[in-house]
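Have a look at protein-v5.tsv; it's TSV, C-alpha atoms:
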chain	number	residue	atom	x	y	z
A	3	MET	CA	-95.55	14.70	34.38
A	4	ALA	CA	-99.31	15.30	34.29
A	5	ILE	CA	-100.83	17.14	37.25
A	6	ASP	CA	-102.82	14.94	39.63
A	7	PRO	CA	-105.95	16.94	40.55
A	8	ILE	CA	-106.78	14.61	43.44
A	9	GLN	CA	-103.42	15.12	45.15
A	10	LEU	CA	-103.52	18.83	44.42
A	11	THR	CA	-106.97	19.03	46.04
A	12	ARG	CA	-105.61	17.29	49.14
A	13	ASP	CA	-102.76	19.79	49.33
A	14	LEU	CA	-105.05	22.81	48.95
A	15	VAL	CA	-107.69	21.63	51.40
A	16	ASN	CA	-105.00	21.13	54.05
A	17	ILE	CA	-104.25	24.87	53.85
A	18	GLU	CA	-106.69	26.94	55.89
A	19	SER	CA	-107.91	29.92	53.84
A	20	THR	CA	-111.20	31.17	55.24
A	21	THR	CA	-112.30	34.56	53.92
A	22	TYR	CA	-109.87	37.38	54.88
A	23	HIS	CA	-107.14	34.79	55.61
A	24	GLU	CA	-106.39	33.55	52.07
A	25	ALA	CA	-102.67	34.39	51.94
A	26	PRO	CA	-101.35	30.87	52.74
A	27	ALA	CA	-103.32	29.40	49.83
A	28	GLY	CA	-102.13	32.25	47.60
A	29	HIS	CA	-98.49	31.62	48.48
A	30	PHE	CA	-98.90	27.90	47.77
A	31	LEU	CA	-100.48	28.56	44.37
A	32	HIS	CA	-97.84	31.14	43.45
A	33	GLU	CA	-95.05	28.66	44.14
A	34	PHE	CA	-96.85	25.71	42.52
A	35	LEU	CA	-97.73	27.56	39.31
A	36	THR	CA	-94.26	29.07	39.02
A	37	GLY	CA	-92.96	25.50	39.13
A	38	GLN	CA	-95.26	24.69	36.20
A	39	ARG	CA	-93.49	27.29	34.01
A	40	TYR	CA	-96.19	29.95	34.33
A	41	GLN	CA	-95.49	33.61	34.78
A	42	VAL	CA	-97.39	34.35	37.99
A	43	GLU	CA	-98.72	37.70	39.19
A	44	ARG	CA	-100.02	38.62	42.63
A	45	THR	CA	-102.42	41.55	42.95
A	46	ALA	CA	-103.08	42.98	46.39
A	47	VAL	CA	-106.67	43.12	47.64
A	48	PRO	CA	-107.31	45.48	50.56
A	49	GLN	CA	-108.44	44.06	53.86
A	50	PRO	CA	-111.78	45.48	55.03
A	51	ASP	CA	-112.07	47.77	58.00
A	52	ARG	CA	-111.82	45.40	60.97
A	53	ALA	CA	-113.99	47.75	63.01
A	54	ILE	CA	-116.98	46.87	60.85
A	55	THR	CA	-115.96	43.36	59.80
A	56	PRO	CA	-115.32	41.20	62.86
A	57	GLY	CA	-112.80	38.46	62.17
A	58	ALA	CA	-111.14	40.23	59.27
A	59	GLY	CA	-107.51	39.31	58.93
A	60	SER	CA	-104.71	41.77	59.43
A	61	GLY	CA	-102.16	40.28	57.01
A	62	GLU	CA	-101.67	40.39	53.26
A	63	ARG	CA	-104.35	39.37	50.82
A	64	PHE	CA	-103.98	38.93	47.06
A	65	ASN	CA	-105.31	37.39	43.84
A	66	VAL	CA	-103.17	35.02	41.79
A	67	TYR	CA	-103.03	35.17	37.97
A	68	ALA	CA	-100.93	32.83	35.81
A	69	ALA	CA	-100.22	32.42	32.10
A	70	LEU	CA	-97.25	31.41	29.98
A	71	PRO	CA	-94.76	34.28	29.55
A	72	GLY	CA	-95.85	36.72	26.85
A	73	VAL	CA	-99.20	34.99	26.24
A	74	THR	CA	-102.47	36.92	25.99
A	75	PRO	CA	-105.04	34.24	26.85
A	76	ASP	CA	-108.09	33.45	24.75
A	77	VAL	CA	-109.75	31.73	27.70
A	78	VAL	CA	-109.26	32.12	31.46
A	79	LEU	CA	-110.24	29.52	34.05
A	80	SER	CA	-111.14	31.11	37.36
A	81	THR	CA	-112.49	30.42	40.85
A	82	HIS	CA	-111.89	31.52	44.43
A	83	MET	CA	-109.33	30.60	47.09
A	84	ASP	CA	-111.39	31.52	50.14
A	85	THR	CA	-113.72	29.19	52.03
A	86	VAL	CA	-116.40	29.65	54.63
A	87	PRO	CA	-115.60	28.75	58.25
A	88	PRO	CA	-115.16	26.58	60.18
A	89	TYR	CA	-112.02	25.01	58.77
A	90	PHE	CA	-111.47	21.24	58.84
A	91	ASN	CA	-108.71	19.39	57.00
A	92	CYS	CA	-108.79	16.74	54.31
A	93	THR	CA	-109.79	13.14	54.92
A	94	GLU	CA	-110.83	10.53	52.38
A	95	ASP	CA	-112.18	7.13	51.54
A	96	ASP	CA	-112.02	5.19	48.29
A	97	GLU	CA	-114.57	7.40	46.53
A	98	HIS	CA	-114.51	10.86	48.12
A	99	LEU	CA	-112.32	13.60	49.54
A	100	TYR	CA	-113.78	15.38	52.59
A	101	GLY	CA	-112.84	18.74	54.07
A	102	ARG	CA	-113.48	22.45	53.87
A	103	GLY	CA	-113.15	23.59	50.30
A	104	THR	CA	-113.16	20.15	48.67
A	105	CYS	CA	-116.01	21.23	46.39
A	106	ASP	CA	-116.14	24.98	47.09
A	107	ALA	CA	-113.73	25.61	45.54
A	108	LYS	CA	-110.31	24.00	46.04
A	109	GLY	CA	-111.17	20.86	44.11
A	110	ILE	CA	-112.18	23.21	41.32
A	111	ILE	CA	-108.83	25.03	41.51
A	112	ALA	CA	-107.06	21.67	41.14
A	113	ALA	CA	-109.24	20.59	38.21
A	114	GLN	CA	-108.71	23.92	36.44
A	115	ILE	CA	-104.92	23.77	36.87
A	116	ALA	CA	-104.87	20.21	35.50
A	117	ALA	CA	-107.08	21.27	32.58
A	118	ALA	CA	-104.91	24.31	31.82
A	119	ASP	CA	-101.87	22.02	31.65
A	120	ARG	CA	-103.56	19.98	28.93
A	121	LEU	CA	-104.92	23.03	27.13
A	122	ARG	CA	-101.58	24.77	26.80
A	123	ASP	CA	-100.00	21.53	25.55
A	124	SER	CA	-102.66	21.47	22.81
A	125	GLY	CA	-101.89	25.05	21.78
A	126	VAL	CA	-104.79	26.84	23.49
A	127	LYS	CA	-103.81	30.21	24.98
A	128	VAL	CA	-105.05	29.80	28.53
A	129	GLY	CA	-104.80	31.76	31.76
A	130	LEU	CA	-105.66	30.99	35.39
A	131	LEU	CA	-107.21	33.48	37.83
A	132	PHE	CA	-107.74	32.66	41.50
A	133	VAL	CA	-109.33	35.36	43.62
A	134	VAL	CA	-110.10	36.11	47.26
A	135	GLY	CA	-113.31	37.10	48.99
A	136	GLU	CA	-115.97	35.38	46.90
A	137	GLU	CA	-117.70	33.99	49.98
A	138	ARG	CA	-118.26	37.46	51.37
A	139	ASP	CA	-118.35	40.31	48.85
A	140	SER	CA	-116.38	39.38	45.70
A	141	ALA	CA	-113.67	41.88	46.68
A	142	GLY	CA	-110.96	39.97	44.82
A	143	ALA	CA	-113.02	39.76	41.64
A	144	ALA	CA	-113.71	43.50	41.77
A	145	VAL	CA	-109.97	44.18	41.96
A	146	ALA	CA	-109.23	41.71	39.16
A	147	ASN	CA	-111.81	43.40	36.95
A	148	GLN	CA	-109.67	46.54	36.96
A	149	ASN	CA	-106.83	44.65	35.28
A	150	PRO	CA	-108.17	42.23	32.64
A	151	LYS	CA	-105.78	40.30	30.41
A	152	GLY	CA	-107.62	40.47	27.09
A	153	SER	CA	-109.36	37.07	27.23
A	154	LYS	CA	-112.41	36.39	25.06
A	155	PHE	CA	-113.92	33.83	27.46
A	156	LEU	CA	-114.09	33.33	31.23
A	157	ILE	CA	-114.90	29.88	32.63
A	158	ASN	CA	-115.79	30.37	36.28
A	159	GLY	CA	-115.79	27.40	38.61
A	160	GLU	CA	-118.45	26.68	41.25
A	161	PRO	CA	-120.10	23.39	42.27
A	162	THR	CA	-122.57	22.67	39.43
A	163	ASP	CA	-122.35	18.85	39.44
A	164	ASN	CA	-120.24	19.15	36.28
A	165	ARG	CA	-123.13	20.76	34.40
A	166	LEU	CA	-122.94	23.99	32.43
A	167	ALA	CA	-125.05	26.72	34.05
A	168	LEU	CA	-127.53	28.55	31.85
A	169	ALA	CA	-128.09	31.19	34.53
A	170	SER	CA	-127.05	32.16	38.03
A	171	LYS	CA	-129.18	34.13	40.46
A	172	GLY	CA	-128.12	37.52	41.66
A	173	ALA	CA	-127.89	38.62	45.29
A	174	LEU	CA	-129.29	41.57	47.20
A	175	ARG	CA	-128.17	41.96	50.81
A	176	VAL	CA	-130.60	44.03	52.86
A	177	GLU	CA	-130.05	45.41	56.36
A	178	LEU	CA	-132.90	46.79	58.48
A	179	ARG	CA	-132.11	48.83	61.61
A	180	ALA	CA	-134.89	49.96	63.92
A	181	LYS	CA	-134.56	52.46	66.77
A	182	GLY	CA	-136.71	52.77	69.90
A	183	ARG	CA	-136.68	54.16	73.44
A	184	MET	CA	-135.67	52.18	76.51
A	185	ALA	CA	-138.01	51.83	79.46
A	186	HIS	CA	-138.77	49.42	82.28
A	187	SER	CA	-140.69	46.48	80.82
A	188	ALA	CA	-143.35	46.84	83.54
A	189	TYR	CA	-144.24	50.20	81.95
A	190	PRO	CA	-144.11	49.61	78.19
A	191	GLU	CA	-146.12	52.75	77.56
A	192	LEU	CA	-143.08	54.76	78.63
A	193	GLY	CA	-140.86	53.21	75.97
A	194	GLU	CA	-140.86	52.41	72.27
A	195	SER	CA	-139.77	48.92	71.24
A	196	ALA	CA	-137.36	48.71	68.33
A	197	ILE	CA	-137.93	44.96	68.28
A	198	ASP	CA	-141.67	45.40	67.80
A	199	LYS	CA	-141.01	47.75	64.88
A	200	LEU	CA	-138.52	45.36	63.31
A	201	ILE	CA	-140.79	42.32	63.66
A	202	ALA	CA	-143.69	44.14	62.06
A	203	ALA	CA	-141.51	45.38	59.20
A	204	LEU	CA	-140.07	41.91	58.60
A	205	HIS	CA	-143.57	40.39	58.57
A	206	ASP	CA	-144.60	42.75	55.80
A	207	VAL	CA	-141.38	42.28	53.82
A	208	MET	CA	-141.82	38.50	53.97
A	209	ALA	CA	-145.30	38.93	52.47
A	210	LEU	CA	-144.04	40.87	49.45
A	211	PRO	CA	-144.53	39.15	46.09
A	212	LEU	CA	-141.06	38.67	44.62
A	213	PRO	CA	-140.28	38.37	40.89
A	214	VAL	CA	-140.46	35.02	39.11
A	215	GLU	CA	-138.54	34.28	35.93
A	216	PRO	CA	-139.93	31.54	33.63
A	217	GLU	CA	-137.53	28.57	33.29
A	218	ILE	CA	-135.40	29.97	36.14
A	219	GLY	CA	-137.79	30.12	39.07
A	220	PRO	CA	-138.65	32.63	41.81
A	221	SER	CA	-136.60	35.12	43.73
A	222	THR	CA	-136.13	33.85	47.28
A	223	LEU	CA	-135.65	35.69	50.58
A	224	ASN	CA	-133.83	34.56	53.71
A	225	ILE	CA	-133.65	36.35	57.06
A	226	GLY	CA	-130.19	35.25	58.10
A	227	LEU	CA	-129.53	37.38	61.19
A	228	ILE	CA	-131.63	39.12	63.84
A	229	GLU	CA	-130.28	40.84	66.92
A	230	GLY	CA	-131.23	43.62	69.29
A	231	GLY	CA	-132.44	44.66	72.70
A	232	ARG	CA	-130.71	44.85	76.06
A	233	ALA	CA	-132.44	42.44	78.45
A	234	PRO	CA	-135.82	40.72	78.89
A	235	ASN	CA	-136.94	43.39	81.36
A	236	VAL	CA	-135.94	46.35	79.17
A	237	ILE	CA	-137.92	47.80	76.27
A	238	ALA	CA	-135.54	47.51	73.31
A	239	ASP	CA	-134.02	50.69	71.96
A	240	LYS	CA	-132.35	49.01	68.97
A	241	ALA	CA	-132.78	45.97	66.72
A	242	GLU	CA	-131.53	44.91	63.32
A	243	ALA	CA	-131.99	42.17	60.76
A	244	HIS	CA	-129.89	41.10	57.77
A	245	LEU	CA	-131.63	39.57	54.76
A	246	LEU	CA	-130.41	38.04	51.51
A	247	ILE	CA	-132.58	37.95	48.41
A	248	ARG	CA	-131.64	35.70	45.50
A	249	LEU	CA	-132.54	37.73	42.42
A	250	VAL	CA	-133.92	36.51	39.09
A	251	GLY	CA	-134.00	39.92	37.45
A	252	PRO	CA	-133.21	43.61	38.01
A	253	ALA	CA	-133.11	44.67	41.65
A	254	GLU	CA	-134.69	48.12	41.39
A	255	ASP	CA	-138.35	47.10	41.74
A	256	THR	CA	-137.54	44.82	44.68
A	257	LYS	CA	-135.51	47.53	46.42
A	258	ARG	CA	-138.28	50.08	45.93
A	259	ALA	CA	-140.92	47.70	47.29
A	260	ILE	CA	-138.85	46.97	50.41
A	261	VAL	CA	-138.26	50.66	51.17
A	262	GLU	CA	-141.96	51.48	50.73
A	263	THR	CA	-143.06	48.50	52.83
A	264	VAL	CA	-140.69	49.18	55.72
A	265	GLY	CA	-141.56	52.86	55.78
A	266	ASP	CA	-140.38	54.75	58.86
A	267	ARG	CA	-140.22	51.65	61.05
A	268	ALA	CA	-136.56	50.98	60.22
A	269	GLU	CA	-133.64	52.29	58.23
A	270	VAL	CA	-133.03	50.24	55.07
A	271	THR	CA	-129.52	49.70	53.71
A	272	PHE	CA	-128.61	47.68	50.62
A	273	SER	CA	-125.06	46.54	51.37
A	274	LEU	CA	-124.47	44.20	48.41
A	275	GLU	CA	-126.01	43.93	44.96
A	276	LEU	CA	-124.91	41.35	42.37
A	277	PRO	CA	-127.06	40.95	39.25
A	278	PHE	CA	-128.80	37.94	37.80
A	279	VAL	CA	-126.80	36.48	34.87
A	280	ARG	CA	-127.87	34.44	31.83
A	281	MET	CA	-125.37	32.28	29.92
A	282	ARG	CA	-125.53	30.21	26.74
A	283	ARG	CA	-125.43	26.54	25.89
A	284	VAL	CA	-122.33	25.01	24.33
A	285	GLY	CA	-122.57	21.80	22.32
A	286	SER	CA	-124.17	18.87	24.10
A	287	LEU	CA	-122.85	19.63	27.58
A	288	PRO	CA	-125.48	18.92	30.27
A	289	THR	CA	-126.98	22.08	31.79
A	290	MET	CA	-128.46	23.44	35.02
A	291	VAL	CA	-129.59	26.70	36.66
A	292	ALA	CA	-127.48	27.95	39.58
A	293	LYS	CA	-129.66	29.29	42.38
A	294	PHE	CA	-126.58	30.82	43.97
A	295	THR	CA	-124.42	33.85	43.13
A	296	THR	CA	-120.85	33.80	41.81
A	297	ASP	CA	-117.96	36.14	41.02
A	298	ILE	CA	-119.11	36.38	37.39
A	299	PRO	CA	-120.99	39.71	37.77
A	300	SER	CA	-117.76	41.22	39.13
A	301	LEU	CA	-115.56	39.88	36.30
A	302	THR	CA	-117.28	41.50	33.33
A	303	ASN	CA	-114.01	42.59	31.69
A	304	TRP	CA	-112.65	39.04	31.39
A	305	GLY	CA	-114.76	37.86	28.46
A	306	GLU	CA	-118.01	36.03	27.86
A	307	PRO	CA	-118.81	34.10	31.05
A	308	PHE	CA	-119.50	30.41	31.56
A	309	LEU	CA	-120.07	28.53	34.82
A	310	LEU	CA	-119.03	24.90	35.36
A	311	GLY	CA	-117.52	22.85	38.15
A	312	PRO	CA	-117.44	19.53	39.99
A	313	GLY	CA	-119.21	18.93	43.28
A	314	SER	CA	-122.65	19.62	44.70
A	315	ILE	CA	-123.69	23.00	46.10
A	316	HIS	CA	-125.85	21.04	48.57
A	317	VAL	CA	-122.78	19.96	50.58
A	318	ALA	CA	-120.85	23.21	50.20
A	319	HIS	CA	-120.82	25.29	53.41
A	320	THR	CA	-121.77	22.21	55.47
A	321	PRO	CA	-119.91	19.93	57.91
A	322	ASN	CA	-120.22	17.21	55.27
A	323	GLU	CA	-118.44	19.00	52.43
A	324	LYS	CA	-116.97	16.47	50.01
A	325	ILE	CA	-116.17	15.76	46.39
A	326	ALA	CA	-116.06	12.53	44.43
A	327	LYS	CA	-112.62	11.71	43.06
A	328	LYS	CA	-114.22	10.46	39.85
A	329	GLU	CA	-116.05	13.77	39.44
A	330	LEU	CA	-112.80	15.72	39.84
A	331	LEU	CA	-111.22	13.78	37.00
A	332	GLU	CA	-114.32	14.22	34.85
A	333	ALA	CA	-114.19	17.98	35.49
A	334	VAL	CA	-110.71	18.19	34.00
A	335	ASP	CA	-112.02	16.64	30.77
A	336	LEU	CA	-115.03	18.96	30.75
A	337	TYR	CA	-112.94	22.10	31.23
A	338	VAL	CA	-110.69	21.01	28.35
A	339	GLU	CA	-113.70	20.24	26.17
A	340	LEU	CA	-115.47	23.53	26.91
A	341	ALA	CA	-112.40	25.75	26.55
A	342	SER	CA	-111.30	24.05	23.33
A	343	SER	CA	-114.79	24.36	21.84
A	344	LEU	CA	-115.02	28.05	22.70
A	345	VAL	CA	-111.60	28.92	21.30
A	346	ASN	CA	-111.89	26.79	18.16
A	347	ASN	CA	-115.33	28.18	17.30
A	348	ALA	CA	-114.66	31.81	18.17
Go ahead and render the structure in this file as structure tokens.
Amino acid sequence: MAIDPIQLTRDLVNIESTTYHEAPAGHFLHEFLTGQRYQVERTAVPQPDRAITPGAGSGERFNVYAALPGVTPDVVLSTHMDTVPPYFNCTEDDEHLYGRGTCDAKGIIAAQIAAADRLRDSGVKVGLLFVVGEERDSAGAAVANQNPKGSKFLINGEPTDNRLALASKGALRVELRAKGRMAHSAYPELGESAIDKLIAALHDVMALPLPVEPEIGPSTLNIGLIEGGRAPNVIADKAEAHLLIRLVGPAEDTKRAIVETVGDRAEVTFSLELPFVRMRRVGSLPTMVAKFTTDIPSLTNWGEPFLLGPGSIHVAHTPNEKIAKKELLEAVDLYVELASSLVNNA
């Protein structure tokens, strides 16, 4: 019996699997894929240090890989099991499924499993790889990259409105930490405000010209977190900000400019760096440019990368996350078309 990607999406979305708590989704996929005659492997992924990662889970965490017994795949379909918080379960109407992960990326998991079922029946050597941690640091992909399966092609799934991505932006996570000296706010001359230092440094960083790539667009910068100080009547002795830059080229010039601009006003740490990636066209498939970052830079040993998936990135990570049932079914056809074209023309 053919796999129903709509029902499989419902089942997956009704399993909570926010980042660091992916094990229930992994267990479900292990059992489901074993029932589909795949040989299924689980590879442990370490939990981060909870002391520096609030909310990190304490239980097991693992990637799931599946292929027919004894098969070295030519093409692997891959995406991630984890979702951003907060969790909310699956609801639906005639046209859409709603819930956390419907488009990012549990609907994609379902479409890839349904496509793999058709591909293996047509003789294509196909594998499935579902990883943890994409929404935070691509930890699962980094572990998977240490144990590739010999595939020539990797089709990664993210919400691209069922269009083939010609590029995806990289990511540079920047942390600024300023230090000062506490004093009574009535006597600011006796203290040194870390917040004043941080604000001035951020102002100058925001004014930096960032690289622009023709046909792709500009690098973009977001200040996502600011915190610091003790109380309104205390000169702040500490303050920090976390930034994310979407890269359209190498990071070195941008990193150097930030360090020089901040100077001695704050300590600069680069806590995550994922490169900008270009990909090629295939046939007449519609195309787009992904302004977001994926696991692809961390899966370099799994073959030439491609990026394709149902759903819109504009509703991912929002309270209105959804996916059109029609688009899910279309994605199955597109994955089959793309994988078959790659393998047959290799």
Computed gap from CA of Ser153 (chain A) to CA of Val66 (chain A) is 16.0 Å
Considering all atoms listed in the file, return as a ChimeraX atom specification whatever protein or nucleic-acid residues lie within 6 Å of Ala241 (chain A), sequence-local ones (same chain, fewer than 5 positions apart) excluded. /A:179-180,196-197,229-230
Closest to Val128 (chain A) among A:Asp76, A:Glu24, A:Glu33, A:Glu262, using all atoms listed in the file?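 Closest candidate: A:Asp76.
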Name all residues at most 10 Å from Ile228 (chain A) (count only C-alpha atoms; drop same-chain ones fewer than 5 positions away) and give them as a PyMOL selection string. chain A and resi 177-179+197+200-201+241-245
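Compared by their closest atoms to Asp335 (chain A), and using all atoms listed in the file, the residues A:Glu254, A:Asp51, A:Val15, A:Leu287 rank with A:Leu287 nearest.
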From the list A:Leu344, A:Val334, A:Ala112, A:Ile260, which residue is nearest Ala209 (chain A) when using all atoms listed in the file? A:Ile260
Using all atoms listed in the file, find the one residue out of A:Ala146, A:Val42, A:Leu246, A:Leu14 that sits nearest to Phe90 (chain A).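 Going through A:Ala146, A:Val42, A:Leu246, A:Leu14 one by one, the smallest distance to Phe90 (chain A) is for A:Leu14.
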Tyr22 (chain A) environment, 12 Å, only C-alpha atoms, sequence neighbours closer than 4 positions dropped, as a PyMOL selection string: chain A and resi 18+26-28+47-52+55-65+83-87+133-142
Could you write those residues out with C-alpha atoms, as an mmCIF file, keeping the file's coordinate frame?
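Below you can see selection-v5.cif, which holds the result:
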data_model
loop_
_atom_site.group_PDB
_atom_site.id
_atom_site.type_symbol
_atom_site.label_atom_id
_atom_site.label_comp_id
_atom_site.auth_asym_id
_atom_site.auth_seq_id
_atom_site.Cartn_x
_atom_site.Cartn_y
_atom_site.Cartn_z
ATOM 1 C CA GLU A 18 -106.690 26.940 55.890
ATOM 2 C CA PRO A 26 -101.350 30.870 52.740
ATOM 3 C CA ALA A 27 -103.320 29.400 49.830
ATOM 4 C CA GLY A 28 -102.130 32.250 47.600
ATOM 5 C CA VAL A 47 -106.670 43.120 47.640
ATOM 6 C CA PRO A 48 -107.310 45.480 50.560
ATOM 7 C CA GLN A 49 -108.440 44.060 53.860
ATOM 8 C CA PRO A 50 -111.780 45.480 55.030
ATOM 9 C CA ASP A 51 -112.070 47.770 58.000
ATOM 10 C CA ARG A 52 -111.820 45.400 60.970
ATOM 11 C CA THR A 55 -115.960 43.360 59.800
ATOM 12 C CA PRO A 56 -115.320 41.200 62.860
ATOM 13 C CA GLY A 57 -112.800 38.460 62.170
ATOM 14 C CA ALA A 58 -111.140 40.230 59.270
ATOM 15 C CA GLY A 59 -107.510 39.310 58.930
ATOM 16 C CA SER A 60 -104.710 41.770 59.430
ATOM 17 C CA GLY A 61 -102.160 40.280 57.010
ATOM 18 C CA GLU A 62 -101.670 40.390 53.260
ATOM 19 C CA ARG A 63 -104.350 39.370 50.820
ATOM 20 C CA PHE A 64 -103.980 38.930 47.060
ATOM 21 C CA ASN A 65 -105.310 37.390 43.840
ATOM 22 C CA MET A 83 -109.330 30.600 47.090
ATOM 23 C CA ASP A 84 -111.390 31.520 50.140
ATOM 24 C CA THR A 85 -113.720 29.190 52.030
ATOM 25 C CA VAL A 86 -116.400 29.650 54.630
ATOM 26 C CA PRO A 87 -115.600 28.750 58.250
ATOM 27 C CA VAL A 133 -109.330 35.360 43.620
ATOM 28 C CA VAL A 134 -110.100 36.110 47.260
ATOM 29 C CA GLY A 135 -113.310 37.100 48.990
ATOM 30 C CA GLU A 136 -115.970 35.380 46.900
ATOM 31 C CA GLU A 137 -117.700 33.990 49.980
ATOM 32 C CA ARG A 138 -118.260 37.460 51.370
ATOM 33 C CA ASP A 139 -118.350 40.310 48.850
ATOM 34 C CA SER A 140 -116.380 39.380 45.700
ATOM 35 C CA ALA A 141 -113.670 41.880 46.680
ATOM 36 C CA GLY A 142 -110.960 39.970 44.820
#
Polymer residues at most 9 Å from Glu215 (chain A), all atoms listed in the file, same-chain spacing of 6 or more positions, as a PDB file with C-alpha atoms, in the frame of the given file:
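The result, stored in result_17.pdb:
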ATOM      1  CA  SER A 221    -136.600  35.120  43.730  1.00  0.00           C
ATOM      2  CA  VAL A 250    -133.920  36.510  39.090  1.00  0.00           C
ATOM      3  CA  GLY A 251    -134.000  39.920  37.450  1.00  0.00           C
TER       4      GLY A 251
END
For Asn149 (chain A), which of A:Ile17, A:Leu309, A:Val338, A:Ala46 is the closest residue, counting all atoms listed in the file?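 For Asn149 (chain A), the nearest of the given residues is A:Ala46.
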So which residues touch Gly182 (chain A) within 7 Å, counting all atoms listed in the file, skipping near sequence neighbours fewer than 3 positions away, as a CSV table (one decimal) with C-alpha atoms, in the frame of the given file?
chain,number,residue,atom,x,y,z
A,194,GLU,CA,-140.9,52.4,72.3
A,195,SER,CA,-139.8,48.9,71.2
A,196,ALA,CA,-137.4,48.7,68.3
A,238,ALA,CA,-135.5,47.5,73.3
A,239,ASP,CA,-134.0,50.7,72.0
A,240,LYS,CA,-132.4,49.0,69.0
Counting all atoms listed in the file, the option among A:Leu168, A:Ala117, A:Val145, A:Ala185 closest to Glu332 (chain A): A:Ala117
Coordinates-based distance that separates CA of Arg12 (chain A) from CA of Arg39 (chain A) (Å, one decimal): 21.8 Å
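CA of Met184 (chain A) to CA of Asp266 (chain A) spans 18.4 Å [interatomic distance, one decimal].
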Take the point (-118.5, 14.5, 50.8) in the file's coordinates, draw a sphere of radius 10 Å around it, and report as a short mmCIF file (atom, residue, chain, number, x, y, z; two decimals) with C-alpha atoms, in the coordinates of the input every protein, DNA or RNA residue with an atom inside or on it, counting only C-alpha atoms.
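Output contents, as saved in selection19.cif:
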data_model
loop_
_atom_site.label_atom_id
_atom_site.label_comp_id
_atom_site.auth_asym_id
_atom_site.auth_seq_id
_atom_site.Cartn_x
_atom_site.Cartn_y
_atom_site.Cartn_z
CA THR A 93 -109.79 13.14 54.92
CA GLU A 94 -110.83 10.53 52.38
CA ASP A 95 -112.18 7.13 51.54
CA GLU A 97 -114.57 7.40 46.53
CA HIS A 98 -114.51 10.86 48.12
CA LEU A 99 -112.32 13.60 49.54
CA TYR A 100 -113.78 15.38 52.59
CA GLY A 101 -112.84 18.74 54.07
CA ARG A 102 -113.48 22.45 53.87
CA THR A 104 -113.16 20.15 48.67
CA CYS A 105 -116.01 21.23 46.39
CA GLY A 313 -119.21 18.93 43.28
CA SER A 314 -122.65 19.62 44.70
CA VAL A 317 -122.78 19.96 50.58
CA ALA A 318 -120.85 23.21 50.20
CA THR A 320 -121.77 22.21 55.47
CA PRO A 321 -119.91 19.93 57.91
CA ASN A 322 -120.22 17.21 55.27
CA GLU A 323 -118.44 19.00 52.43
CA LYS A 324 -116.97 16.47 50.01
CA ILE A 325 -116.17 15.76 46.39
CA ALA A 326 -116.06 12.53 44.43
#
May I have the residues at most 12 Å from (-128.4, 44.3, 46.6) in the file's coordinates, counting only C-alpha atoms, as a PDB file with C-alpha atoms, in the coordinates of the input?
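Output file selection-v7.pdb follows:
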ATOM      1  CA  ASP A 139    -118.350  40.310  48.850  1.00  0.00           C
ATOM      2  CA  LYS A 171    -129.180  34.130  40.460  1.00  0.00           C
ATOM      3  CA  GLY A 172    -128.120  37.520  41.660  1.00  0.00           C
ATOM      4  CA  ALA A 173    -127.890  38.620  45.290  1.00  0.00           C
ATOM      5  CA  LEU A 174    -129.290  41.570  47.200  1.00  0.00           C
ATOM      6  CA  ARG A 175    -128.170  41.960  50.810  1.00  0.00           C
ATOM      7  CA  VAL A 176    -130.600  44.030  52.860  1.00  0.00           C
ATOM      8  CA  GLU A 177    -130.050  45.410  56.360  1.00  0.00           C
ATOM      9  CA  LEU A 223    -135.650  35.690  50.580  1.00  0.00           C
ATOM     10  CA  HIS A 244    -129.890  41.100  57.770  1.00  0.00           C
ATOM     11  CA  LEU A 245    -131.630  39.570  54.760  1.00  0.00           C
ATOM     12  CA  LEU A 246    -130.410  38.040  51.510  1.00  0.00           C
ATOM     13  CA  ILE A 247    -132.580  37.950  48.410  1.00  0.00           C
ATOM     14  CA  ARG A 248    -131.640  35.700  45.500  1.00  0.00           C
ATOM     15  CA  LEU A 249    -132.540  37.730  42.420  1.00  0.00           C
ATOM     16  CA  GLY A 251    -134.000  39.920  37.450  1.00  0.00           C
ATOM     17  CA  PRO A 252    -133.210  43.610  38.010  1.00  0.00           C
ATOM     18  CA  ALA A 253    -133.110  44.670  41.650  1.00  0.00           C
ATOM     19  CA  GLU A 254    -134.690  48.120  41.390  1.00  0.00           C
ATOM     20  CA  ASP A 255    -138.350  47.100  41.740  1.00  0.00           C
ATOM     21  CA  THR A 256    -137.540  44.820  44.680  1.00  0.00           C
ATOM     22  CA  LYS A 257    -135.510  47.530  46.420  1.00  0.00           C
ATOM     23  CA  ARG A 258    -138.280  50.080  45.930  1.00  0.00           C
ATOM     24  CA  ILE A 260    -138.850  46.970  50.410  1.00  0.00           C
ATOM     25  CA  VAL A 270    -133.030  50.240  55.070  1.00  0.00           C
ATOM     26  CA  THR A 271    -129.520  49.700  53.710  1.00  0.00           C
ATOM     27  CA  PHE A 272    -128.610  47.680  50.620  1.00  0.00           C
ATOM     28  CA  SER A 273    -125.060  46.540  51.370  1.00  0.00           C
ATOM     29  CA  LEU A 274    -124.470  44.200  48.410  1.00  0.00           C
ATOM     30  CA  GLU A 275    -126.010  43.930  44.960  1.00  0.00           C
ATOM     31  CA  LEU A 276    -124.910  41.350  42.370  1.00  0.00           C
ATOM     32  CA  PRO A 277    -127.060  40.950  39.250  1.00  0.00           C
ATOM     33  CA  PHE A 278    -128.800  37.940  37.800  1.00  0.00           C
ATOM     34  CA  THR A 295    -124.420  33.850  43.130  1.00  0.00           C
TER      35      THR A 295
END
